[in-house]
Every structure is written in structure tokens, then in C-alpha cells.
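Enquirer: For reference, the structure I am asking about is given below.
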Amino acid sequence: MNIDFMKRAIELAEECAKHDEVPVGAVIVKDGKIIAESGNRKERDNCAVSHAEILAIQKATEVENNWWLEDCEMYVTLEPCAMCAMAMIHSRIKALYFGAYDDKTGAGGSRVNLFEENLFNHSISVEGGIMKEECGALLTTFFKNKREQQKAKKS
């Protein structure tokens with residue numbers, strides 16, 4: 001685990017917030033170097049599957065010219081949802097490091113645990129809570145601002 005990669009994921013998440021996207025950033029690392037990264041693009045792409053993790057996996061498979069990412073690690077600012085967790089499992093990501101926990105849709109143990117050892121044909125090493133205060137603060141601030149904007153519109 002390398003904290004610098006989580007810091008880069010946080011930078012990507014901050015950029016998302018500037019575009020009115022839920023601030024989530026993801027970075028994929030191989031041999032100690034970033035090979036792919038993305039932030040959420042659901043609003044900009046008008047696409048439900050444009051999560052940071054999915055987009056980063058797509059970029060990494062292009063870089064590697066292979067959908068098997070078995071020597072890669074992912075750093076993401078928020079615990080993955082079920083869709084993203086399964087994409088990681090199917091692409092054979094080696095390890096996942098995430099920041100904030102997601103009690104509503106987290107598939108890394110908060111709501112469900114799709115990364116449970118031997119649940120599927122591929123197991124991923126998972127560590128949550130990396131820089132969780134910083135990652136959580138991004139989300140808390142974003143949604144607080146959204147609520148204030150909606151309240152102002154009603155006034």
C-alpha cells in the first residue's frame with residue numbers, strides 16, 4: 001500500500017466535485033506506477049455505469065492490452081458498489097485499497113462483502129479505511145452543498 005496513490009485518487013475525486021459529480025477517484029497501479037486513473041463521470045456521460053472504478057479498469061485494459069489485471073492494485077476513495085466490485089473480480093485485480101466506507105451501497109463489507117475469500121473464482125486482497133477522514137470529508141461536503149443548493153432553489 002502506498003499512500004501517494006490514494007492521494008492521487010483524492011485529487012481525481014476533488015476534480016469530479018468541480019463538475020458536479022459525486023467525488024470518487026480511482027487509480028490503478030502496476031509495478032509501482034500508475035497505469036490508469038479516472039473519476040466518476042455519471043453526470044457528464046449521462047451513464048449509470050461511468051463509475052471511477054469501471055472507467056479506470058477500461059483504461060488499464062487498454063494500456064495492458066489485456067483484460068486480466070492480475071498484477072494490478074486499485075486505490076479508490078470510496079468503498080466500491082457491487083457493480084464495481086464484480087468488475088474488479090472479473091478483471092482479476094490483485095489488491096484493493098479504499099478510503100471511505102459506504103453503508104448504503106458498499107460491497108466491500110459495509111452492506112455486503114463480495115470480496116469474501118473463496119466466494120468467487122478470484123479473490124482480491126482488500127484494505128479499507130485508507131485516509132478515510134479525507135475521503136469521507138469530500139463526500140460529506142459535496143452532499144451538504146447539494147442539499148443547500150436544493151434548499152435555495154425552493155426558497
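By convention here, the chains of the C-alpha cells are called A, B, ... in the order presented, each chain's residues are numbered starting at 1, and ligands are numbered starting at 1 in the order presented.
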Need the shell around Cys81 of chain A: protein/DNA/RNA residues with any atom at most 9 Å away, counting only C-alpha atoms. Skip same-chain ones fewer than 5 positions apart. Format as a PyMOL selection string?
Expert: chain A and resi 86+102+105-108
Enquirer: May I have the selected residues written with C-alpha atoms, as a tab-separated table (two decimals), in the first residue's frame?
Expert:
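Result saved to selection_27.tsv:
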```
chain	number	residue	atom	x	y	z
A	86	MET	CA	-17.60	-7.54	-9.66
A	102	ASP	CA	-20.28	3.24	2.17
A	105	THR	CA	-24.14	0.53	-1.23
A	106	GLY	CA	-20.69	-0.68	-0.16
A	107	ALA	CA	-19.81	-4.14	-1.44
A	108	GLY	CA	-16.53	-4.44	0.44
```
Enquirer: What's the 8 Å shell around segment 74-77 of chain A, counting only C-alpha atoms, without same-chain residues fewer than 5 positions away, as a list in words?
Expert: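 Selected residues are Phe5, Met6, Ala9, Ile10, Ala13, Val24, Gly25, Ala26, Val27, Ile28, Val29, Glu53, Ile93, Ala95, Leu96, Tyr97, Phe98, Gly99, Ala100, Lys132 and Cys135 of chain A.
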Enquirer: Give the helix (DSSP H, G or I) residues of chain A, as assigned by DSSP on the backbone, as a PyMOL selection string.
Expert: chain A and resi 3-18+42-45+52-64+82-90+132-154
Enquirer: Would you export the selected residues with C-alpha atoms as a tab-separated table (two decimals), in the first residue's frame, please?
Expert:
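In the end it all went to out_12.tsv:
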```tsv
chain	number	residue	atom	x	y	z
A	3	ILE	CA	-0.42	6.49	0.43
A	4	ASP	CA	0.68	8.60	-2.56
A	5	PHE	CA	-1.64	6.62	-4.82
A	6	MET	CA	-4.59	7.32	-2.51
A	7	LYS	CA	-3.64	10.99	-2.54
A	8	ARG	CA	-3.84	10.92	-6.34
A	9	ALA	CA	-7.28	9.27	-6.13
A	10	ILE	CA	-8.36	12.09	-3.81
A	11	GLU	CA	-7.15	14.68	-6.34
A	12	LEU	CA	-9.25	12.98	-9.02
A	13	ALA	CA	-12.26	12.98	-6.68
A	14	GLU	CA	-11.81	16.70	-5.98
A	15	GLU	CA	-11.82	17.34	-9.73
A	16	CYS	CA	-15.11	15.41	-10.02
A	17	ALA	CA	-16.79	17.65	-7.47
A	18	LYS	CA	-15.93	20.67	-9.62
A	42	LYS	CA	-22.00	9.58	-14.50
A	43	GLU	CA	-23.39	13.09	-14.91
A	44	ARG	CA	-21.05	14.16	-17.72
A	45	ASP	CA	-21.53	10.92	-19.65
A	52	ALA	CA	-14.49	5.86	-11.47
A	53	GLU	CA	-13.52	2.21	-10.97
A	54	ILE	CA	-15.14	0.99	-14.19
A	55	LEU	CA	-13.53	3.75	-16.26
A	56	ALA	CA	-10.12	3.12	-14.68
A	57	ILE	CA	-10.42	-0.61	-15.43
A	58	GLN	CA	-11.31	0.16	-19.05
A	59	LYS	CA	-8.24	2.38	-19.39
A	60	ALA	CA	-5.96	-0.16	-17.70
A	61	THR	CA	-7.09	-2.95	-20.02
A	62	GLU	CA	-6.26	-0.71	-22.98
A	63	VAL	CA	-2.81	0.06	-21.57
A	64	GLU	CA	-2.14	-3.61	-20.80
A	82	ALA	CA	-21.50	-4.29	-6.26
A	83	MET	CA	-21.07	-3.44	-9.96
A	84	CYS	CA	-17.54	-2.13	-9.44
A	85	ALA	CA	-16.61	-4.95	-7.07
A	86	MET	CA	-17.60	-7.54	-9.66
A	87	ALA	CA	-15.70	-5.68	-12.39
A	88	MET	CA	-12.59	-5.86	-10.20
A	89	ILE	CA	-13.13	-9.56	-9.56
A	90	HIS	CA	-13.69	-10.31	-13.24
A	132	LYS	CA	-10.99	7.64	5.38
A	133	GLU	CA	-11.38	11.05	7.04
A	134	GLU	CA	-10.16	12.92	3.96
A	135	CYS	CA	-12.16	10.73	1.58
A	136	GLY	CA	-15.29	10.94	3.72
A	137	ALA	CA	-15.00	14.71	4.05
A	138	LEU	CA	-15.09	15.08	0.26
A	139	LEU	CA	-18.39	13.23	0.11
A	140	THR	CA	-19.89	14.93	3.17
A	141	THR	CA	-19.06	18.39	1.82
A	142	PHE	CA	-20.34	17.54	-1.65
A	143	PHE	CA	-23.72	16.29	-0.44
A	144	LYS	CA	-24.06	19.12	2.10
A	145	ASN	CA	-23.57	21.62	-0.74
A	146	LYS	CA	-26.09	19.75	-2.92
A	147	ARG	CA	-28.71	19.90	-0.14
A	148	GLU	CA	-28.05	23.62	0.37
A	149	GLN	CA	-28.42	24.26	-3.37
A	150	GLN	CA	-31.73	22.40	-3.46
A	151	LYS	CA	-32.95	24.26	-0.40
A	152	ALA	CA	-32.02	27.59	-2.02
A	153	LYS	CA	-33.95	26.66	-5.19
A	154	LYS	CA	-37.08	26.02	-3.13
```
Enquirer: Give me, as a ChimeraX atom specification, the residues of segment 30-153 of chain A that a backbone DSSP run labels strand (DSSP E).
Expert: /A:30,33-39,72-78,95-100,125-127
Enquirer: Compare A:Glu70, A:Glu79, A:Asp103, A:Glu37 by their minimum atom-to-atom distance to His122 of chain A, counting only C-alpha atoms, and give me the closest one.
Expert: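 Using only C-alpha atoms, His122 of chain A sits closest to A:Glu70.
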Enquirer: Name the closest residue to Asp71 of chain A among the candidates A:Gly32, A:Gly39, A:Gly129, A:Gly109; distances are taken between atoms, counting only C-alpha atoms.
Expert: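 For Asp71 of chain A, the nearest of the candidates is A:Gly32.
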Enquirer: Name the closest residue to Glu73 of chain A among the candidates A:Lys30, A:Ala36, A:Ser91, A:Val49; distances are taken between atoms, counting only C-alpha atoms.
Expert: A:Lys30
Enquirer: Mind pulling up the distance from atom CA of Met1 of chain A to atom CA of Val126 of chain A?
Expert: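 It comes out at 10.5 Å.
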Enquirer: Work out how far atom CA of Trp68 of chain A is from atom CA of Ser110 of chain A, in Å to one decimal.
Expert: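 It comes out at 26.7 Å.
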